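Participant: Structure file input.cif (mmCIF, C-alpha atoms) is given on the next line.
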data_my_file
loop_
_atom_site.group_PDB
_atom_site.id
_atom_site.type_symbol
_atom_site.label_atom_id
_atom_site.label_comp_id
_atom_site.auth_asym_id
_atom_site.auth_seq_id
_atom_site.Cartn_x
_atom_site.Cartn_y
_atom_site.Cartn_z
ATOM 1 C CA MET A 234 54.994 175.921 30.270
ATOM 2 C CA ALA A 235 55.249 179.298 31.954
ATOM 3 C CA GLU A 236 53.050 180.002 34.891
ATOM 4 C CA PRO A 237 50.052 182.103 33.892
ATOM 5 C CA SER A 238 49.815 184.983 36.335
ATOM 6 C CA TYR A 239 46.143 184.317 36.915
ATOM 7 C CA SER A 240 46.767 180.741 38.026
ATOM 8 C CA ARG A 241 48.988 181.383 41.007
ATOM 9 C CA ARG A 242 47.613 180.314 44.353
ATOM 10 C CA ALA A 243 47.678 183.200 46.792
ATOM 11 C CA HIS A 244 50.163 181.617 49.201
ATOM 12 C CA GLU A 245 52.514 180.829 46.310
ATOM 13 C CA ASN A 246 52.628 184.481 45.298
ATOM 14 C CA VAL A 247 56.092 185.100 46.705
ATOM 15 C CA THR A 248 59.305 186.384 45.172
ATOM 16 C CA MET A 249 62.409 184.273 45.771
ATOM 17 C CA PRO A 250 65.909 184.398 44.300
ATOM 18 C CA PHE A 251 66.904 181.529 42.004
ATOM 19 C CA PRO A 252 68.094 178.899 42.759
ATOM 20 C CA PRO A 253 65.832 178.172 45.701
ATOM 21 C CA PRO A 254 67.506 177.455 49.052
ATOM 22 C CA ARG A 255 68.300 173.823 49.807
ATOM 23 C CA ILE A 256 65.534 172.390 51.936
ATOM 24 C CA GLU A 257 66.885 171.537 55.374
ATOM 25 C CA ALA A 258 65.766 167.927 55.420
ATOM 26 C CA GLU A 259 68.185 167.092 58.243
ATOM 27 C CA VAL A 260 65.468 167.933 60.743
ATOM 28 C CA MET A 261 63.836 164.626 59.769
ATOM 29 C CA ASP A 262 67.036 162.576 60.138
ATOM 30 C CA GLY A 263 67.062 159.763 62.664
ATOM 31 C CA ARG A 264 65.343 156.528 63.530
ATOM 32 C CA TRP A 265 61.563 156.579 63.801
ATOM 33 C CA LEU A 266 59.482 153.956 65.594
ATOM 34 C CA LYS A 267 55.772 153.204 65.235
ATOM 35 C CA THR A 268 53.521 154.736 67.857
ATOM 36 C CA SER A 269 51.139 151.769 67.882
ATOM 37 C CA GLU A 270 52.012 148.623 69.797
ATOM 38 C CA LYS A 271 49.998 146.527 67.347
ATOM 39 C CA PRO A 272 51.398 145.101 64.099
ATOM 40 C CA GLN A 273 50.949 147.480 61.192
ATOM 41 C CA TRP A 274 52.392 148.156 57.725
ATOM 42 C CA ILE A 275 55.654 149.869 58.705
ATOM 43 C CA ASP A 276 57.634 149.077 61.832
ATOM 44 C CA SER A 277 60.372 151.693 61.669
ATOM 45 C CA LEU A 278 62.154 154.130 59.384
ATOM 46 C CA THR A 279 65.667 155.497 59.271
ATOM 47 C CA ILE A 280 66.237 158.833 57.549
ATOM 48 C CA GLU A 281 69.690 160.138 56.731
ATOM 49 C CA THR A 282 70.636 163.263 54.793
ATOM 50 C CA ILE A 283 74.085 163.188 53.167
ATOM 51 C CA ASP A 284 75.455 165.922 50.902
ATOM 52 C CA GLY A 285 72.001 167.249 50.213
ATOM 53 C CA ASP A 286 70.405 163.903 49.407
ATOM 54 C CA THR A 287 67.960 162.304 51.802
ATOM 55 C CA PHE A 288 67.956 158.518 52.139
ATOM 56 C CA LEU A 289 65.223 156.358 53.574
ATOM 57 C CA GLN A 290 65.325 152.846 54.988
ATOM 58 C CA ILE A 291 62.125 151.132 56.036
ATOM 59 C CA ARG A 292 61.463 147.961 57.977
ATOM 60 C CA GLY A 293 58.081 146.301 57.599
ATOM 61 C CA SER A 294 55.879 145.348 60.513
ATOM 62 C CA ALA A 295 53.623 142.536 59.319
ATOM 63 C CA PRO A 296 53.142 140.583 56.048
ATOM 64 C CA PRO A 297 52.728 141.297 53.218
ATOM 65 C CA SER A 298 54.995 144.192 54.168
ATOM 66 C CA PRO A 299 58.589 143.065 53.461
ATOM 67 C CA PRO A 300 60.724 142.773 56.629
ATOM 68 C CA ASP A 301 63.376 145.054 55.115
ATOM 69 C CA TRP A 302 62.381 147.356 52.288
ATOM 70 C CA GLY A 303 65.952 148.461 51.739
ATOM 71 C CA ARG A 304 67.433 151.917 51.368
ATOM 72 C CA VAL A 305 66.387 154.389 48.687
ATOM 73 C CA ARG A 306 67.040 158.021 47.945
ATOM 74 C CA CYS A 307 64.003 160.273 48.391
ATOM 75 C CA ASP A 308 62.770 161.654 45.087
ATOM 76 C CA LEU A 309 61.773 165.007 46.549
ATOM 77 C CA VAL A 310 61.843 166.778 49.891
ATOM 78 C CA PHE A 311 59.466 169.550 50.850
ATOM 79 C CA ALA A 312 59.543 172.607 53.074
ATOM 80 C CA ASN A 313 56.539 173.864 55.011
ATOM 81 C CA ALA A 314 55.957 176.797 52.665
ATOM 82 C CA ALA A 315 57.080 178.081 49.284
ATOM 83 C CA ASP A 316 59.133 180.897 50.808
ATOM 84 C CA THR A 317 61.256 178.891 53.252
ATOM 85 C CA ALA A 318 63.832 176.088 53.388
ATOM 86 C CA ASN A 319 62.492 174.916 56.739
ATOM 87 C CA ALA A 320 61.410 171.276 56.591
ATOM 88 C CA ARG A 321 59.643 171.327 59.946
ATOM 89 C CA ALA A 322 56.081 170.580 58.870
ATOM 90 C CA GLY A 323 57.622 169.598 55.539
ATOM 91 C CA GLY A 324 57.978 166.106 54.120
ATOM 92 C CA PHE A 325 59.295 163.807 51.393
ATOM 93 C CA ILE A 326 58.270 161.392 48.647
ATOM 94 C CA ALA A 327 60.086 158.110 47.921
ATOM 95 C CA HIS A 328 59.379 155.007 45.882
ATOM 96 C CA TYR A 329 60.075 151.316 46.346
ATOM 97 C CA ASP A 330 59.696 148.852 43.485
ATOM 98 C CA PHE A 331 59.497 145.136 44.149
ATOM 99 C CA ASP A 332 58.534 142.372 41.718
ATOM 100 C CA GLU A 333 55.063 141.959 43.182
ATOM 101 C CA MET A 334 54.423 145.356 44.744
ATOM 102 C CA HIS A 335 55.140 149.015 44.251
ATOM 103 C CA PHE A 336 55.110 151.460 47.167
ATOM 104 C CA GLU A 337 54.884 155.216 46.990
ATOM 105 C CA VAL A 338 55.839 156.680 50.357
ATOM 106 C CA GLN A 339 54.614 160.178 51.190
ATOM 107 C CA ALA A 340 55.585 161.480 54.602
ATOM 108 C CA ASN A 341 55.295 164.714 56.498
ATOM 109 C CA TYR A 342 56.912 165.847 59.705
ATOM 110 C CA ASN A 343 54.599 167.596 62.109
ATOM 111 C CA LEU A 344 54.612 168.370 65.820
ATOM 112 C CA GLY A 345 57.481 165.958 66.437
ATOM 113 C CA LEU A 346 55.724 163.101 64.682
ATOM 114 C CA LEU A 347 56.469 161.605 61.300
ATOM 115 C CA VAL A 348 53.205 160.870 59.498
ATOM 116 C CA VAL A 349 53.850 158.263 56.832
ATOM 117 C CA ALA A 350 51.380 157.397 54.095
ATOM 118 C CA THR A 351 51.965 154.651 51.570
ATOM 119 C CA PHE A 352 50.155 153.747 48.395
ATOM 120 C CA VAL A 353 50.594 150.002 47.973
ATOM 121 C CA THR A 354 50.029 148.761 44.418
ATOM 122 C CA PHE A 355 50.195 145.109 43.428
ATOM 123 C CA THR A 356 51.614 144.337 40.007
ATOM 124 C CA SER A 357 49.660 141.139 39.383
ATOM 125 C CA PRO A 358 46.276 139.739 40.408
ATOM 126 C CA GLY A 359 46.195 138.190 43.856
ATOM 127 C CA PRO A 360 44.296 138.030 47.103
ATOM 128 C CA PHE A 361 45.044 141.611 48.127
ATOM 129 C CA THR A 362 43.500 144.944 47.191
ATOM 130 C CA ASN A 363 45.682 147.968 46.480
ATOM 131 C CA ARG A 364 45.869 149.748 49.787
ATOM 132 C CA PHE A 365 46.461 153.133 51.374
ATOM 133 C CA THR A 366 48.117 153.270 54.794
ATOM 134 C CA ARG A 367 48.720 156.202 57.103
ATOM 135 C CA GLU A 368 50.749 155.591 60.242
ATOM 136 C CA PHE A 369 52.520 157.626 62.909
ATOM 137 C CA PHE A 370 56.091 157.437 64.188
ATOM 138 C CA PHE A 371 58.080 159.005 66.999
ATOM 139 C CA ARG A 372 61.805 159.631 67.018
ATOM 140 C CA ALA A 373 63.802 156.928 68.814
ATOM 141 C CA MET B 34 59.879 157.177 38.346
ATOM 142 C CA THR B 35 59.333 154.174 36.125
ATOM 143 C CA ALA B 36 55.951 153.167 34.834
ATOM 144 C CA ILE B 37 54.482 150.382 36.920
ATOM 145 C CA GLU B 38 52.172 147.733 35.514
ATOM 146 C CA THR B 39 49.350 147.283 37.950
ATOM 147 C CA THR B 40 46.249 145.219 38.328
ATOM 148 C CA ALA B 41 42.975 146.954 37.552
ATOM 149 C CA VAL B 42 40.366 145.900 40.071
ATOM 150 C CA SER B 43 37.107 147.776 40.437
ATOM 151 C CA LEU B 44 36.510 149.127 43.912
ATOM 152 C CA ASP B 45 33.389 150.775 45.305
ATOM 153 C CA LEU B 46 34.027 154.497 44.907
ATOM 154 C CA SER B 47 30.924 155.767 46.690
ATOM 155 C CA ILE B 48 32.630 157.478 49.620
ATOM 156 C CA LEU B 49 34.987 159.356 47.284
ATOM 157 C CA LEU B 50 32.727 160.419 44.419
ATOM 158 C CA GLY B 51 31.308 163.909 44.490
ATOM 159 C CA ASP B 52 31.987 167.606 44.551
ATOM 160 C CA TRP B 53 34.245 168.552 47.452
ATOM 161 C CA ARG B 54 34.876 172.092 48.702
ATOM 162 C CA ASN B 55 37.670 173.311 50.949
ATOM 163 C CA THR B 56 36.532 173.916 54.521
ATOM 164 C CA ASN B 57 38.918 176.907 54.559
ATOM 165 C CA ALA B 58 37.650 179.712 52.326
ATOM 166 C CA GLU B 59 41.259 180.794 51.812
ATOM 167 C CA GLY B 60 42.757 177.353 51.170
ATOM 168 C CA GLY B 61 45.090 176.823 48.237
ATOM 169 C CA ILE B 62 42.924 174.160 46.578
ATOM 170 C CA ALA B 63 39.357 175.409 46.349
ATOM 171 C CA ARG B 64 37.472 172.457 44.894
ATOM 172 C CA ILE B 65 37.960 168.800 43.984
ATOM 173 C CA VAL B 66 35.509 166.863 41.833
ATOM 174 C CA CYS B 67 35.749 163.053 41.839
ATOM 175 C CA ARG B 68 34.064 161.041 39.101
ATOM 176 C CA GLY B 69 34.118 157.394 38.112
ATOM 177 C CA GLY B 70 36.832 156.144 35.763
ATOM 178 C CA GLU B 71 38.490 153.007 34.501
ATOM 179 C CA PRO B 72 38.653 150.009 36.853
ATOM 180 C CA GLY B 73 40.982 150.778 39.716
ATOM 181 C CA GLU B 74 40.926 154.489 38.952
ATOM 182 C CA MET B 75 38.887 157.627 39.342
ATOM 183 C CA VAL B 76 38.805 160.895 37.388
ATOM 184 C CA VAL B 77 39.811 163.781 39.628
ATOM 185 C CA GLN B 78 39.418 167.427 38.666
ATOM 186 C CA ALA B 79 40.895 170.103 40.913
ATOM 187 C CA TYR B 80 40.646 173.859 41.106
ATOM 188 C CA GLY B 81 43.320 176.060 42.636
ATOM 189 C CA ARG B 82 42.252 179.176 44.483
ATOM 190 C CA THR B 83 43.563 182.429 43.037
ATOM 191 C CA ALA B 84 43.098 186.048 43.988
ATOM 192 C CA ASP B 85 40.254 186.269 41.493
ATOM 193 C CA GLY B 86 38.512 182.971 42.128
ATOM 194 C CA MET B 87 39.238 179.438 40.977
ATOM 195 C CA ASN B 88 41.617 178.114 38.344
ATOM 196 C CA ASP B 89 40.762 174.797 36.701
ATOM 197 C CA TRP B 90 43.763 172.464 36.861
ATOM 198 C CA GLY B 91 42.028 169.972 34.585
ATOM 199 C CA ALA B 92 41.112 166.341 35.178
ATOM 200 C CA VAL B 93 43.514 163.438 35.688
ATOM 201 C CA ALA B 94 43.136 159.687 36.137
ATOM 202 C CA ALA B 95 43.990 158.774 39.709
ATOM 203 C CA PRO B 96 44.486 155.241 41.090
ATOM 204 C CA VAL B 97 42.269 154.414 44.058
ATOM 205 C CA PHE B 98 43.134 152.460 47.184
ATOM 206 C CA ALA B 99 41.302 150.637 49.982
ATOM 207 C CA PHE B 100 42.072 150.972 53.683
ATOM 208 C CA THR B 101 42.684 147.227 54.094
ATOM 209 C CA PHE B 102 44.008 144.492 51.833
ATOM 210 C CA GLU B 103 40.676 142.652 51.994
ATOM 211 C CA SER B 104 38.361 145.603 51.350
ATOM 212 C CA LYS B 105 36.577 146.359 48.080
ATOM 213 C CA GLN B 106 35.755 149.899 49.242
ATOM 214 C CA ALA B 107 38.037 152.645 47.944
ATOM 215 C CA GLY B 108 38.875 155.282 50.512
ATOM 216 C CA ALA B 109 41.897 157.055 49.084
ATOM 217 C CA PHE B 110 43.427 158.228 45.832
ATOM 218 C CA ASN B 111 46.776 159.437 44.566
ATOM 219 C CA ALA B 112 46.629 162.124 41.870
ATOM 220 C CA VAL B 113 49.330 164.150 40.151
ATOM 221 C CA PHE B 114 48.531 167.472 38.495
ATOM 222 C CA ASP B 115 51.201 168.792 36.143
ATOM 223 C CA LEU B 116 50.624 172.524 35.822
ATOM 224 C CA GLY B 117 53.782 173.007 33.767
ATOM 225 C CA TYR B 118 55.562 175.303 36.180
ATOM 226 C CA GLU B 119 54.568 173.133 39.130
ATOM 227 C CA GLU B 120 53.633 169.529 39.844
ATOM 228 C CA VAL B 121 51.128 168.858 42.607
ATOM 229 C CA HIS B 122 51.110 165.373 44.159
ATOM 230 C CA MET B 123 47.763 165.023 45.862
ATOM 231 C CA GLN B 124 47.317 162.382 48.582
ATOM 232 C CA ALA B 125 43.666 162.143 49.574
ATOM 233 C CA ASN B 126 41.645 159.937 51.861
ATOM 234 C CA VAL B 127 38.225 160.119 53.436
ATOM 235 C CA LYS B 128 38.045 160.101 57.226
ATOM 236 C CA ALA B 129 34.750 160.582 59.037
ATOM 237 C CA GLY B 130 33.189 162.025 55.887
ATOM 238 C CA VAL B 131 35.981 164.561 55.404
ATOM 239 C CA LEU B 132 38.327 164.416 52.432
ATOM 240 C CA VAL B 133 41.784 164.930 53.909
ATOM 241 C CA VAL B 134 44.177 166.150 51.238
ATOM 242 C CA ALA B 135 47.935 166.338 51.651
ATOM 243 C CA SER B 136 49.611 168.125 48.766
ATOM 244 C CA PHE B 137 53.288 167.836 47.918
ATOM 245 C CA ASN B 138 53.994 170.822 45.691
ATOM 246 C CA HIS B 139 57.048 170.640 43.424
ATOM 247 C CA PHE B 140 58.094 173.725 41.460
ATOM 248 C CA LYS B 141 59.696 173.095 38.092
ATOM 249 C CA ASP B 142 60.233 176.701 37.051
ATOM 250 C CA ARG B 143 62.973 179.187 37.917
ATOM 251 C CA SER B 144 60.873 181.164 40.358
ATOM 252 C CA GLY B 145 63.123 180.285 43.313
ATOM 253 C CA ARG B 146 60.200 178.982 45.357
ATOM 254 C CA SER B 147 60.764 175.941 47.568
ATOM 255 C CA ASN B 148 58.880 172.705 47.154
ATOM 256 C CA TYR B 149 56.401 172.635 50.002
ATOM 257 C CA PHE B 150 53.913 170.442 51.818
ATOM 258 C CA ASP B 151 50.362 171.440 52.681
ATOM 259 C CA ARG B 152 47.329 169.727 54.197
ATOM 260 C CA GLU B 153 43.718 170.776 53.659
ATOM 261 C CA PHE B 154 40.244 169.474 54.407
ATOM 262 C CA PHE B 155 37.199 169.230 52.163
ATOM 263 C CA HIS B 156 33.493 168.629 52.714
ATOM 264 C CA ARG B 157 31.212 167.122 50.100
ATOM 265 C CA ILE B 158 28.469 169.345 48.714
ATOM 266 C CA GLY B 159 27.047 166.948 46.147
ATOM 267 C CA GLY B 160 27.474 163.873 43.990
ATOM 268 C CA ALA B 161 29.393 163.821 40.736
#
Please express the file's structure as structure tokens.
Facilitator:
Amino acid sequence: MAEPSYSRRAHENVTMPFPPPRIEAEVMDGRWLKTSEKPQWIDSLTIETIDGDTFLQIRGSAPPSPPDWGRVRCDLVFANAADTANARAGGFIAHYDFDEMHFEVQANYNLGLLVVATFVTFTSPGPFTNRFTREFFFRA
Amino acid sequence: MTAIETTAVSLDLSILLGDWRNTNAEGGIARIVCRGGEPGEMVVQAYGRTADGMNDWGAVAAPVFAFTFESKQAGAFNAVFDLGYEEVHMQANVKAGVLVVASFNHFKDRSGRSNYFDREFFHRIGGA
């Protein structure tokens, strides 16, 4: 569907050559540790950008968070505005699928912190409610 | 992304339901209306802000989430609006009575614009 001219949000009203520039996700690369000393959902993350793809590895902090979520490729990375490739104040989305749980990870990088939100969805009835988490990480 | 079978448990939606307006009169998303839906979900209608006013993005079913594994109170939702040329992933949660909305905006057209992240705040003006 083409974009109706009347629908464009004001800050998206920019002219850019196609294809868009590759978003410089490397600024998020590295190992990130939780800012809180208490147990939480995520303990640490490792982000690595290789040949334009950004990979994410997460380690859980406390059950039912798995100790090692494994490594996945981010579905999408985001700049901080529609007219830039700068990922400072940008972010990414990634997904993890386990037998009993599904995690959607949505993170943004701001002021030197990685703010990581997860939507935790259980695939079968159990003692836990589907949960939203939002936690903060600093670069190791 | 593959379709995920999930459990449908009713949560208390009271802190999310209502008509929410952007605290910034020039914000990209002008209005969000949250209504009840199927168990485990909510119906979310959003309006983008344009030069001439508001543009109705339509209503979508959005799964709701609690802040703890033991809670029966929903405090967050995850909605995706497919506008054709653009897909908006909306991460929203209520904190201190404010709806905090992070949007992950993914362009699908050939406009050359970069996918971008944004974060906006909404106050509730009424129930839905």
Participant: Could you work out which residues of chain A fall inside 7 Å of chain B? Count all atoms listed in the file, and format the result as an MDAnalysis selection string.
Facilitator: chainID A and resid 234:236 239:243 249:253 311:318 323:324 354:358 361:366
Participant: Please, could you write that set of residues out with C-alpha atoms as a PDB file, in the coordinates of the input?
Facilitator:
ATOM      1  CA  MET A 234      54.994 175.921  30.270  1.00  0.00           C
ATOM      2  CA  ALA A 235      55.249 179.298  31.954  1.00  0.00           C
ATOM      3  CA  GLU A 236      53.050 180.002  34.891  1.00  0.00           C
ATOM      4  CA  TYR A 239      46.143 184.317  36.915  1.00  0.00           C
ATOM      5  CA  SER A 240      46.767 180.741  38.026  1.00  0.00           C
ATOM      6  CA  ARG A 241      48.988 181.383  41.007  1.00  0.00           C
ATOM      7  CA  ARG A 242      47.613 180.314  44.353  1.00  0.00           C
ATOM      8  CA  ALA A 243      47.678 183.200  46.792  1.00  0.00           C
ATOM      9  CA  MET A 249      62.409 184.273  45.771  1.00  0.00           C
ATOM     10  CA  PRO A 250      65.909 184.398  44.300  1.00  0.00           C
ATOM     11  CA  PHE A 251      66.904 181.529  42.004  1.00  0.00           C
ATOM     12  CA  PRO A 252      68.094 178.899  42.759  1.00  0.00           C
ATOM     13  CA  PRO A 253      65.832 178.172  45.701  1.00  0.00           C
ATOM     14  CA  PHE A 311      59.466 169.550  50.850  1.00  0.00           C
ATOM     15  CA  ALA A 312      59.543 172.607  53.074  1.00  0.00           C
ATOM     16  CA  ASN A 313      56.539 173.864  55.011  1.00  0.00           C
ATOM     17  CA  ALA A 314      55.957 176.797  52.665  1.00  0.00           C
ATOM     18  CA  ALA A 315      57.080 178.081  49.284  1.00  0.00           C
ATOM     19  CA  ASP A 316      59.133 180.897  50.808  1.00  0.00           C
ATOM     20  CA  THR A 317      61.256 178.891  53.252  1.00  0.00           C
ATOM     21  CA  ALA A 318      63.832 176.088  53.388  1.00  0.00           C
ATOM     22  CA  GLY A 323      57.622 169.598  55.539  1.00  0.00           C
ATOM     23  CA  GLY A 324      57.978 166.106  54.120  1.00  0.00           C
ATOM     24  CA  THR A 354      50.029 148.761  44.418  1.00  0.00           C
ATOM     25  CA  PHE A 355      50.195 145.109  43.428  1.00  0.00           C
ATOM     26  CA  THR A 356      51.614 144.337  40.007  1.00  0.00           C
ATOM     27  CA  SER A 357      49.660 141.139  39.383  1.00  0.00           C
ATOM     28  CA  PRO A 358      46.276 139.739  40.408  1.00  0.00           C
ATOM     29  CA  PHE A 361      45.044 141.611  48.127  1.00  0.00           C
ATOM     30  CA  THR A 362      43.500 144.944  47.191  1.00  0.00           C
ATOM     31  CA  ASN A 363      45.682 147.968  46.480  1.00  0.00           C
ATOM     32  CA  ARG A 364      45.869 149.748  49.787  1.00  0.00           C
ATOM     33  CA  PHE A 365      46.461 153.133  51.374  1.00  0.00           C
ATOM     34  CA  THR A 366      48.117 153.270  54.794  1.00  0.00           C
TER      35      THR A 366
END
Participant: Applied to this file, what does the PyMOL selection byres ((chain B and resi 155-160) around 12) return in terms of residues, put as a ChimeraX atom specification?
Facilitator: /B:46-58,60-69,79,125-135,152-154,161
Participant: Figure out the distance between atom CA of A:Ala350 and atom CA of A:Ser277, please, to one decimal in Å.
Facilitator: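 Separation of atom CA of A:Ser277 and atom CA of A:Ala350: 13.1 Å.
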Participant: Just how far from atom CA of A:Glu257 is atom CA of A:Phe371, in Å to one decimal?
Facilitator: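 So the two atoms, atom CA of A:Phe371 and atom CA of A:Glu257, lie 19.2 Å apart.
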Participant: Could you name the residues that touch A:Pro300 at 9 Å or less, counting all atoms listed in the file, but leaving out those on the same chain fewer than 4 positions away, as a ChimeraX atom specification?
Facilitator: /A:275-276,291-296
Participant: Would you compute the distance between atom CA of A:Asp332 and atom CA of A:Arg304? Give it in Å to one decimal.
Facilitator: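 Computing the Euclidean distance for atom CA of A:Asp332 and atom CA of A:Arg304 yields 16.2 Å.
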Participant: Once the PyMOL selection byres ((chain B and resi 74) around 7) has been evaluated on this model, what residues remain selected, and can you format them as an MDAnalysis selection string?
Facilitator: chainID B and resid 70:73 75:76 94:97
Participant: Just so the selection is clear, what residues does the PyMOL selection byres ((chain A and resi 336) around 9) cover here, as a ChimeraX atom specification?
Facilitator: /A:327-331,334-335,337-338,351-355
Participant: Please provide as JSON, numbers by chain all residues within 7 Å of stretch 283-289 of chain A, with the sequence filter that same-chain residues fewer than 2 positions apart are discarded (counting all atoms listed in the file).
Facilitator: {"A": [278, 279, 280, 281, 291, 304, 305, 306, 307]}
Participant: Could you write out the selected residues, including C-alpha atoms, as a PDB file, keeping the file's coordinate frame?
Facilitator:
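Listed below is the output, part39.pdb:
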ATOM      1  CA  LEU A 278      62.154 154.130  59.384  1.00  0.00           C
ATOM      2  CA  THR A 279      65.667 155.497  59.271  1.00  0.00           C
ATOM      3  CA  ILE A 280      66.237 158.833  57.549  1.00  0.00           C
ATOM      4  CA  GLU A 281      69.690 160.138  56.731  1.00  0.00           C
ATOM      5  CA  ILE A 291      62.125 151.132  56.036  1.00  0.00           C
ATOM      6  CA  ARG A 304      67.433 151.917  51.368  1.00  0.00           C
ATOM      7  CA  VAL A 305      66.387 154.389  48.687  1.00  0.00           C
ATOM      8  CA  ARG A 306      67.040 158.021  47.945  1.00  0.00           C
ATOM      9  CA  CYS A 307      64.003 160.273  48.391  1.00  0.00           C
TER      10      CYS A 307
END
Participant: Can you put N, CA and C atoms back into stretch 100-113 of chain B and show it as a PDB file, keeping the file's coordinate frame?
Facilitator:
ATOM      1  N   PHE B 100      41.391 150.791  52.397  1.00  0.00           N
ATOM      2  CA  PHE B 100      42.072 150.972  53.683  1.00  0.00           C
ATOM      3  C   PHE B 100      42.617 149.659  54.245  1.00  0.00           C
ATOM      4  N   THR B 101      42.141 148.527  53.694  1.00  0.00           N
ATOM      5  CA  THR B 101      42.684 147.227  54.094  1.00  0.00           C
ATOM      6  C   THR B 101      42.908 146.386  52.847  1.00  0.00           C
ATOM      7  N   PHE B 102      43.712 145.343  52.982  1.00  0.00           N
ATOM      8  CA  PHE B 102      44.008 144.492  51.833  1.00  0.00           C
ATOM      9  C   PHE B 102      42.804 143.649  51.410  1.00  0.00           C
ATOM     10  N   GLU B 103      41.830 143.499  52.294  1.00  0.00           N
ATOM     11  CA  GLU B 103      40.676 142.652  51.994  1.00  0.00           C
ATOM     12  C   GLU B 103      39.484 143.461  51.489  1.00  0.00           C
ATOM     13  N   SER B 104      39.517 144.763  51.636  1.00  0.00           N
ATOM     14  CA  SER B 104      38.361 145.603  51.350  1.00  0.00           C
ATOM     15  C   SER B 104      38.150 145.808  49.845  1.00  0.00           C
ATOM     16  N   LYS B 105      36.904 145.984  49.458  1.00  0.00           N
ATOM     17  CA  LYS B 105      36.577 146.359  48.080  1.00  0.00           C
ATOM     18  C   LYS B 105      36.040 147.785  48.038  1.00  0.00           C
ATOM     19  N   GLN B 106      36.221 148.507  49.128  1.00  0.00           N
ATOM     20  CA  GLN B 106      35.755 149.899  49.242  1.00  0.00           C
ATOM     21  C   GLN B 106      36.959 150.831  49.107  1.00  0.00           C
ATOM     22  N   ALA B 107      36.950 151.675  48.077  1.00  0.00           N
ATOM     23  CA  ALA B 107      38.037 152.645  47.944  1.00  0.00           C
ATOM     24  C   ALA B 107      37.846 153.765  48.954  1.00  0.00           C
ATOM     25  N   GLY B 108      38.959 154.181  49.553  1.00  0.00           N
ATOM     26  CA  GLY B 108      38.875 155.282  50.512  1.00  0.00           C
ATOM     27  C   GLY B 108      39.932 156.341  50.301  1.00  0.00           C
ATOM     28  N   ALA B 109      40.786 156.121  49.297  1.00  0.00           N
ATOM     29  CA  ALA B 109      41.897 157.055  49.084  1.00  0.00           C
ATOM     30  C   ALA B 109      42.261 157.081  47.605  1.00  0.00           C
ATOM     31  N   PHE B 110      42.888 158.167  47.193  1.00  0.00           N
ATOM     32  CA  PHE B 110      43.427 158.228  45.832  1.00  0.00           C
ATOM     33  C   PHE B 110      44.733 158.993  45.827  1.00  0.00           C
ATOM     34  N   ASN B 111      45.474 158.794  44.746  1.00  0.00           N
ATOM     35  CA  ASN B 111      46.776 159.437  44.566  1.00  0.00           C
ATOM     36  C   ASN B 111      46.764 160.092  43.193  1.00  0.00           C
ATOM     37  N   ALA B 112      46.745 161.411  43.153  1.00  0.00           N
ATOM     38  CA  ALA B 112      46.629 162.124  41.870  1.00  0.00           C
ATOM     39  C   ALA B 112      47.830 163.047  41.700  1.00  0.00           C
ATOM     40  N   VAL B 113      48.238 163.221  40.458  1.00  0.00           N
ATOM     41  CA  VAL B 113      49.330 164.150  40.151  1.00  0.00           C
ATOM     42  C   VAL B 113      48.836 165.137  39.097  1.00  0.00           C
TER      43      VAL B 113
END
